[in-house]
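*Asks:* I am sharing run.csv, which consists of CSV, C-alpha atoms and all ligand atoms:
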chain,number,residue,atom,x,y,z
E,280,MET,CA,178.7,254.5,113.5
E,281,HIS,CA,177.4,252.4,116.4
E,282,LEU,CA,179.6,253.4,119.4
E,283,TYR,CA,180.9,250.5,121.6
E,284,GLY,CA,178.0,248.4,120.3
E,285,MET,CA,175.3,250.9,121.1
E,286,PRO,CA,172.9,251.3,118.1
E,287,ALA,CA,172.9,254.8,116.7
E,288,LYS,CA,169.6,256.6,116.5
E,289,MET,CA,168.8,255.0,113.1
E,290,ASP,CA,165.3,256.5,112.6
E,291,GLU,CA,166.6,260.0,112.9
E,292,ILE,CA,169.7,259.3,110.7
E,293,LEU,CA,167.6,257.6,108.0
E,294,GLU,CA,165.0,260.4,108.0
E,295,VAL,CA,167.6,263.1,107.5
E,296,ALA,CA,169.5,261.0,104.9
E,297,GLY,CA,166.3,260.3,103.1
E,298,ARG,CA,165.3,263.9,103.1
E,299,TYR,CA,168.6,265.0,101.4
E,300,GLY,CA,169.2,261.8,99.3
E,301,ILE,CA,172.3,260.8,101.2
E,302,PRO,CA,173.2,257.1,101.1
E,303,VAL,CA,173.7,255.7,104.6
E,304,LEU,CA,176.9,253.7,105.1
E,305,GLU,CA,176.8,252.0,108.5
E,306,ASP,CA,180.0,251.4,110.5
E,307,ALA,CA,178.8,248.3,112.5
E,308,ALA,CA,182.4,247.3,113.3
E,309,GLU,CA,181.6,247.3,117.1
E,310,ALA,CA,178.0,246.3,116.9
E,311,LEU,CA,177.7,242.8,115.6
E,312,GLY,CA,174.6,241.3,117.3
E,313,SER,CA,173.3,244.7,118.5
E,314,ARG,CA,169.7,245.6,117.6
E,315,TYR,CA,167.7,248.8,117.1
E,316,LYS,CA,163.9,248.3,117.3
E,317,GLY,CA,164.5,244.6,116.9
E,318,GLN,CA,166.5,245.0,113.7
E,319,PHE,CA,170.2,244.0,113.6
E,320,CYS,CA,172.8,246.8,113.3
E,321,GLY,CA,174.5,246.5,109.9
E,322,THR,CA,171.2,246.0,108.1
E,323,PHE,CA,169.9,249.6,107.9
E,324,GLY,CA,172.2,251.3,105.4
E,325,GLU,CA,173.0,250.8,101.8
E,326,PHE,CA,176.1,249.1,103.0
E,327,ALA,CA,177.6,248.3,106.4
E,328,CYS,CA,181.0,247.1,107.5
E,329,LEU,CA,181.8,244.7,110.3
E,330,SER,CA,185.2,244.2,111.9
E,331,PHE,CA,186.7,240.9,112.9
E,332,ASN,CA,189.8,242.6,114.4
E,333,GLY,CA,191.4,240.9,117.4
E,334,ASN,CA,189.6,243.2,119.9
E,335,LYS,CA,186.1,242.7,118.5
E,336,ILE,CA,183.2,240.5,119.7
E,337,ILE,CA,184.3,237.7,117.4
E,338,THR,CA,187.6,237.7,115.6
E,339,THR,CA,189.4,236.2,112.6
E,340,SER,CA,192.6,237.8,113.9
E,341,GLY,CA,192.1,240.6,111.3
E,342,GLY,CA,189.8,241.6,108.5
E,343,GLY,CA,186.1,242.1,108.4
E,344,ALA,CA,183.0,241.9,106.2
E,345,LEU,CA,180.9,244.2,104.0
E,346,VAL,CA,177.1,243.8,104.3
E,347,CYS,CA,175.2,244.7,101.2
E,348,ARG,CA,171.7,244.4,99.8
E,349,SER,CA,172.0,242.4,96.6
E,350,ALA,CA,174.0,239.6,94.9
E,351,ASP,CA,175.2,242.1,92.3
E,352,GLU,CA,176.7,244.4,94.9
E,353,ALA,CA,178.4,241.4,96.6
E,354,GLY,CA,179.7,240.4,93.2
E,355,VAL,CA,181.2,243.8,92.4
E,356,THR,CA,182.7,243.9,95.9
E,357,LYS,CA,184.4,240.6,95.6
E,358,PHE,CA,185.6,241.5,92.1
E,359,LEU,CA,187.2,244.7,93.4
E,360,ALA,CA,188.5,243.0,96.6
E,361,THR,CA,190.3,240.3,94.5
E,362,GLN,CA,192.3,242.5,92.2
E,363,ALA,CA,189.6,243.2,89.7
E,364,ARG,CA,190.6,240.3,87.5
E,365,ASP,CA,188.9,240.0,84.2
E,366,ASN,CA,187.4,236.7,83.1
E,367,ALA,CA,190.4,235.5,81.2
E,368,PRO,CA,192.9,232.6,81.7
E,369,HIS,CA,195.8,235.1,82.0
E,370,TYR,CA,196.0,237.9,84.5
E,371,GLN,CA,194.1,240.8,82.9
E,372,HIS,CA,192.7,244.0,84.4
E,373,SER,CA,190.3,246.4,82.8
E,374,SER,CA,189.8,248.3,86.1
E,375,VAL,CA,191.8,249.0,89.2
E,376,GLY,CA,191.3,246.4,92.0
E,377,TYR,CA,192.5,245.8,95.5
E,378,ASN,CA,193.9,242.9,97.5
E,379,TYR,CA,191.3,243.2,100.3
E,380,ARG,CA,190.2,239.6,100.5
E,381,LEU,CA,190.1,237.7,103.8
E,382,SER,CA,192.4,234.7,103.6
E,383,ASN,CA,190.7,231.3,103.6
E,384,ILE,CA,192.4,230.5,107.0
E,385,CYS,CA,190.9,233.6,108.6
E,386,ALA,CA,187.5,232.9,107.0
E,387,GLY,CA,187.7,229.4,108.5
E,388,ILE,CA,188.4,230.9,111.9
E,389,GLY,CA,185.4,233.2,111.4
E,390,ARG,CA,183.1,230.4,110.6
E,391,GLY,CA,184.1,228.8,113.9
E,392,GLN,CA,183.7,232.1,115.7
E,393,MET,CA,180.1,232.6,114.4
E,394,LEU,CA,179.2,229.5,116.5
E,395,VAL,CA,180.2,231.3,119.7
E,396,LEU,CA,179.0,234.8,118.8
E,397,ASN,CA,175.8,234.6,121.0
E,398,GLN,CA,177.9,233.3,123.9
E,399,HIS,CA,180.3,236.1,123.6
E,400,ILE,CA,177.5,238.7,123.5
E,401,ALA,CA,175.8,237.1,126.5
E,402,ALA,CA,179.1,237.1,128.4
E,403,ARG,CA,179.8,240.8,127.6
E,404,ARG,CA,176.3,241.8,128.6
E,405,GLU,CA,176.7,239.9,131.8
E,406,ASN,CA,180.0,241.7,132.5
E,407,ASN,CA,178.3,245.0,131.9
E,408,GLN,CA,175.4,244.1,134.2
E,409,LYS,CA,177.8,243.1,137.0
E,410,TYR,CA,179.8,246.3,136.7
E,411,MET,CA,176.6,248.4,136.7
E,412,GLN,CA,175.4,246.5,139.8
E,413,MET,CA,178.7,246.7,141.7
E,414,LEU,CA,179.3,250.3,140.9
E,415,LYS,CA,175.8,251.6,141.3
E,416,ASN,CA,176.6,253.5,144.4
E,417,ALA,CA,180.0,254.7,143.3
E,418,PRO,CA,179.9,258.5,143.3
E,419,GLY,CA,180.4,260.3,139.9
E,420,ILE,CA,180.4,257.2,137.8
E,421,SER,CA,177.8,256.7,135.1
E,422,PHE,CA,177.4,254.1,132.4
E,423,GLN,CA,176.7,254.0,128.7
E,424,ASP,CA,173.5,252.1,128.8
E,425,ASN,CA,170.6,251.4,126.4
E,426,PRO,CA,168.5,254.6,126.5
E,427,THR,CA,165.3,252.8,125.9
E,428,THR,CA,164.2,249.3,125.1
E,429,ASP,CA,164.5,250.2,121.3
E,430,PHE,CA,168.3,249.9,121.8
E,431,GLU,CA,169.9,246.6,122.5
E,432,SER,CA,173.6,247.0,122.7
E,433,ASN,CA,175.9,244.0,122.5
E,434,LYS,CA,177.8,245.7,125.2
E,435,TRP,CA,181.0,245.1,123.3
E,436,LEU,CA,182.9,247.3,125.9
E,437,THR,CA,181.6,248.6,129.2
E,438,CYS,CA,182.2,252.3,129.1
E,439,ILE,CA,181.9,254.7,132.1
E,440,ILE,CA,181.9,258.5,132.4
E,441,ILE,CA,183.6,259.9,135.4
E,442,ASP,CA,182.4,263.2,136.8
E,443,PRO,CA,185.6,264.4,138.6
E,444,LYS,CA,183.8,266.7,141.0
E,445,LYS,CA,181.6,263.9,142.3
E,446,ALA,CA,184.1,261.1,142.1
E,447,GLY,CA,187.0,263.0,143.6
E,448,TYR,CA,189.3,261.9,140.8
E,449,THR,CA,189.7,262.2,137.1
E,450,ARG,CA,189.5,259.7,134.3
E,451,GLU,CA,193.3,259.9,134.0
E,452,ASP,CA,193.8,259.2,137.7
E,453,LEU,CA,191.7,256.1,137.4
E,454,ARG,CA,193.4,254.9,134.2
E,455,LYS,CA,196.8,255.3,135.8
E,456,LYS,CA,195.8,253.6,138.9
E,457,MET,CA,194.5,250.6,136.9
E,458,ASP,CA,197.7,250.6,134.9
E,459,GLU,CA,199.8,250.4,138.1
E,460,HIS,CA,197.8,247.2,138.9
E,461,ASN,CA,198.5,245.9,135.4
E,462,ILE,CA,194.9,246.4,134.3
E,463,GLU,CA,194.5,247.9,130.8
E,464,THR,CA,191.8,250.5,130.4
E,465,ARG,CA,191.4,253.0,127.6
E,466,PRO,CA,189.9,256.5,127.2
E,467,LEU,CA,186.9,256.6,124.9
E,468,TRP,CA,187.7,257.3,121.3
E,469,LYS,CA,189.6,260.4,120.5
E,470,PRO,CA,187.3,262.5,118.3
E,471,MET,CA,188.3,262.8,114.6
E,472,HIS,CA,188.6,266.6,114.7
E,473,LEU,CA,191.2,266.3,117.5
E,474,GLN,CA,193.3,264.0,115.5
E,475,PRO,CA,196.5,265.8,114.6
E,476,ILE,CA,196.1,264.8,110.9
E,477,PHE,CA,192.8,266.8,110.7
E,478,HIS,CA,193.9,269.8,112.7
E,479,GLU,CA,193.6,272.2,109.7
E,480,TYR,CA,190.1,271.2,108.8
E,481,PRO,CA,186.8,272.9,109.8
E,482,PHE,CA,184.8,271.2,112.5
E,483,TYR,CA,181.2,271.4,113.5
E,484,GLY,CA,180.1,270.2,116.9
E,485,ASN,CA,179.0,271.1,120.4
E,486,GLY,CA,181.8,269.7,122.5
E,487,THR,CA,180.0,266.4,123.3
E,488,SER,CA,182.7,264.2,121.8
E,489,GLU,CA,185.5,266.1,123.6
E,490,GLU,CA,183.6,265.7,126.9
E,491,LEU,CA,183.3,262.0,126.4
E,492,PHE,CA,186.9,261.7,125.4
E,493,ASN,CA,188.0,263.7,128.5
E,494,HIS,CA,185.9,261.8,131.0
E,495,GLY,CA,185.2,258.4,129.5
E,496,LEU,CA,186.9,255.1,130.2
E,497,CYS,CA,186.5,251.7,128.7
E,498,LEU,CA,186.7,249.0,131.3
E,499,PRO,CA,188.1,245.5,130.8
E,500,SER,CA,185.2,243.6,129.1
E,501,HIS,CA,186.5,240.4,127.7
E,502,PRO,CA,184.1,237.4,127.9
E,503,THR,CA,186.6,235.3,129.9
E,504,LEU,CA,186.8,237.8,132.8
E,505,THR,CA,186.0,236.1,136.1
E,506,GLN,CA,184.0,237.5,139.0
E,507,ASN,CA,187.3,238.1,140.8
E,508,ASP,CA,188.7,240.0,137.9
E,509,LEU,CA,185.6,242.2,137.8
E,510,GLN,CA,185.8,242.6,141.6
E,511,ARG,CA,189.5,243.8,141.3
E,512,VAL,CA,188.5,246.4,138.7
E,513,VAL,CA,185.6,247.6,140.8
E,514,GLU,CA,187.7,247.9,144.0
E,515,LEU,CA,190.2,250.1,142.2
E,516,THR,CA,187.5,252.6,141.5
E,517,LEU,CA,187.0,253.4,145.1
E,518,PRO,CA,187.9,257.1,145.7
E,519,SER,CA,190.1,256.1,148.7
E,520,ILE,CA,192.1,253.7,146.4
E,521,VAL,CA,192.4,256.0,143.4
E,522,GLY,CA,193.6,258.9,145.4
E,523,HIS,CA,196.2,256.7,147.3
E,524,ARG,CA,199.6,256.1,145.7
N,1,LIG,C1,183.9,251.7,114.7
N,1,LIG,C2,185.1,251.1,114.1
N,1,LIG,N1,185.2,251.2,112.8
N,1,LIG,C3,186.3,250.6,112.1
N,1,LIG,C4,187.2,249.9,112.8
N,1,LIG,C5,188.3,249.3,112.0
N,1,LIG,O1,188.2,247.9,111.9
N,1,LIG,P1,189.4,247.1,111.4
N,1,LIG,O2,190.4,247.1,112.6
N,1,LIG,O3,188.8,245.7,111.2
N,1,LIG,O4,190.0,247.7,110.2
N,1,LIG,C6,187.1,249.7,114.2
N,1,LIG,C7,188.1,249.0,115.0
N,1,LIG,O5,189.0,248.5,114.8
N,1,LIG,C8,186.0,250.4,114.8
N,1,LIG,O6,185.9,250.2,116.2
I need this file expressed as structure tokens, please.

*Replies:*
Amino acid sequence: MHLYGMPAKMDEILEVAGRYGIPVLEDAAEALGSRYKGQFCGTFGEFACLSFNGNKIITTSGGGALVCRSADEAGVTKFLATQARDNAPHYQHSSVGYNYRLSNICAGIGRGQMLVLNQHIAARRENNQKYMQMLKNAPGISFQDNPTTDFESNKWLTCIIIDPKKAGYTREDLRKKMDEHNIETRPLWKPMHLQPIFHEYPFYGNGTSEELFNHGLCLPSHPTLTQNDLQRVVELTLPSIVGHR
């Protein structure tokens, strides 16, 4: 899974998966247009999924796409996604299918959206650059950024981590302050093992995902944000403002 558009460490993942014969299924829902070592996310695994949900880099209002390696796999996928209908004039089913197809209206919207994909990526990257520039001296705030030039995130969302000791406020203080000003921000994803539905299950980890969830915040990142909008968000992160009610 490529988080917030940042490519995962694909070399390491593919090496381990290859060693144990594990097929790699890529969740590239957030990473359309991102690249790892020059190669697009969504083209590394056996299969990959993309999302065109309303909040994504391009949208069809809902739905997504499966990326696969062969026409045969695409054929089986379409067969299963369109109720597994046998080749007969009447409705006949020899296997169980699903109604997972994207409607033709949504697909039409998607074709139009593909034309603006590069513009959306450029605008989100620009937002990210401006936030990083404007907040570079803000105490206790760090950014999710490309760790090396091998990683080229589409910067779907600009995500920050707040160190409460250095910033003088917590992630929640900032989120609430933004909310008071009618600016929606979100904590980073809640880890799966903290989801109530999985509370009985074993979990292996080192606390990194909890740490990110507790201290991380996604800032407004839409391509249509203006310089003034970004400025408003940045001003609200000043310790004197967050602390003041
Ligand atoms: C990483 C990731 N995977 C899967 C999904 C689900 O995609 P969809 O909403 O199109 O079902 C999302 C977001 O919605 C996502 O961010």

*Asks:* Collect all residues with atoms no farther than 6 Å from ligand LIG 1 (chain N), counting all atoms listed in the file, and output them as a count of residues only.

*Replies:* 8

*Asks:* Could you give me, as a PyMOL selection string, the residues that sit within 12 Å of (170.4, 245.6, 107.1) in the file's coordinates, counting only C-alpha atoms?

*Replies:* chain E and resi 289+303-307+311-315+317-329+345-349

*Asks:* Produce a file of the selected residues containing C-alpha atoms, as a compact mmCIF listing (two decimals), keeping the file's coordinate frame.

*Replies:*
# COMPACT_ATOMS: atom_id res chain seq x y z
CA MET E 289 168.80 255.00 113.10
CA VAL E 303 173.70 255.70 104.60
CA LEU E 304 176.90 253.70 105.10
CA GLU E 305 176.80 252.00 108.50
CA ASP E 306 180.00 251.40 110.50
CA ALA E 307 178.80 248.30 112.50
CA LEU E 311 177.70 242.80 115.60
CA GLY E 312 174.60 241.30 117.30
CA SER E 313 173.30 244.70 118.50
CA ARG E 314 169.70 245.60 117.60
CA TYR E 315 167.70 248.80 117.10
CA GLY E 317 164.50 244.60 116.90
CA GLN E 318 166.50 245.00 113.70
CA PHE E 319 170.20 244.00 113.60
CA CYS E 320 172.80 246.80 113.30
CA GLY E 321 174.50 246.50 109.90
CA THR E 322 171.20 246.00 108.10
CA PHE E 323 169.90 249.60 107.90
CA GLY E 324 172.20 251.30 105.40
CA GLU E 325 173.00 250.80 101.80
CA PHE E 326 176.10 249.10 103.00
CA ALA E 327 177.60 248.30 106.40
CA CYS E 328 181.00 247.10 107.50
CA LEU E 329 181.80 244.70 110.30
CA LEU E 345 180.90 244.20 104.00
CA VAL E 346 177.10 243.80 104.30
CA CYS E 347 175.20 244.70 101.20
CA ARG E 348 171.70 244.40 99.80
CA SER E 349 172.00 242.40 96.60

*Asks:* Which of these residues is nearest to Arg390 (chain E), using all atoms listed in the file: E:Gln408, E:Asn366, E:Thr361, E:Thr338?

*Replies:*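 Among the listed residues, the smallest separation from Arg390 (chain E) belongs to E:Thr338.
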
*Asks:* Quick one: distance from CA of Asn416 (chain E) to CA of Thr516 (chain E) in Å, one decimal?

*Replies:*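 Going from CA of Asn416 (chain E) over to CA of Thr516 (chain E), I get 11.3 Å.
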
*Asks:* So that I can check the surroundings of Gly447 (chain E), please list as a list in words every protein, DNA and RNA residue that reaches within 12 Å of it, counting only C-alpha atoms and ignoring chain neighbours fewer than 3 positions away.

*Replies:* Ala417, Pro418, Gly419, Ile420, Ile441, Asp442, Pro443, Lys444, Arg450, Glu451, Asp452, Leu453, Thr516, Leu517, Pro518, Ser519, Ile520, Val521, Gly522 and His523 of chain E

*Asks:* Let me make sure I understand: among E:Met457, E:Ala360, E:Met411, E:Val295, which one has the smallest atom-to-atom distance to Cys438 (chain E) if we use all atoms listed in the file?

*Replies:* E:Met411

*Asks:* Between CA of Arg404 (chain E) and CA of Leu293 (chain E), what is the distance, to one decimal in Å?

*Replies:*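 Pair CA of Arg404 (chain E) / CA of Leu293 (chain E) returns 27.4 Å.
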
*Asks:* Between CA of Arg403 (chain E) and CA of Pro502 (chain E), measure the distance and give it in Å to one decimal.

*Replies:*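 According to the coordinates, CA of Arg403 (chain E) and CA of Pro502 (chain E) are separated by 5.5 Å.
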
*Asks:* Which residue gives the smallest distance to Leu394 (chain E) among E:Ile337, E:Leu436, E:Ala344, E:Val355, with only C-alpha atoms counted?

*Replies:*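 Ranked by minimum distance to Leu394 (chain E), first place goes to E:Ile337.
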
*Asks:* May I have the residues within 9 Å of Val513 (chain E) as a ChimeraX atom specification, using all atoms listed in the file and disregarding those fewer than 4 positions away in the same chain?

*Replies:* /E:410,413-414,508-509,517

*Asks:* Using all atoms listed in the file, find the one residue out of E:Arg465, E:Arg298, E:Lys316, E:His460 that sits nearest to Pro499 (chain E).

*Replies:*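 For Pro499 (chain E), the nearest of the given residues is E:Arg465.
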
*Asks:* From the set E:Gln423, E:Phe430, E:Gln474, E:Ile292, which residue has the shortest atom-to-atom contact distance to Asn407 (chain E), counting only C-alpha atoms?

*Replies:*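 Residue with the minimum atom-to-atom distance to Asn407 (chain E): E:Gln423.
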
*Asks:* List the spatial neighbours of Cys497 (chain E) as a PyMOL selection string - criterion: any atom at most 10 Å away, only C-alpha atoms, same-chain residues fewer than 6 positions off excluded.

*Replies:* chain E and resi 283+436-440+454+463-468

*Asks:* Go through E:Asn406, E:Asn433, E:Gln392, E:Asn461 one by one, measure the shortest atom-to-atom distance of each to Gly333 (chain E) using only C-alpha atoms, and give the residue with the smallest value.

*Replies:*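 Of the candidates, the smallest distance to Gly333 (chain E) is held by E:Gln392.
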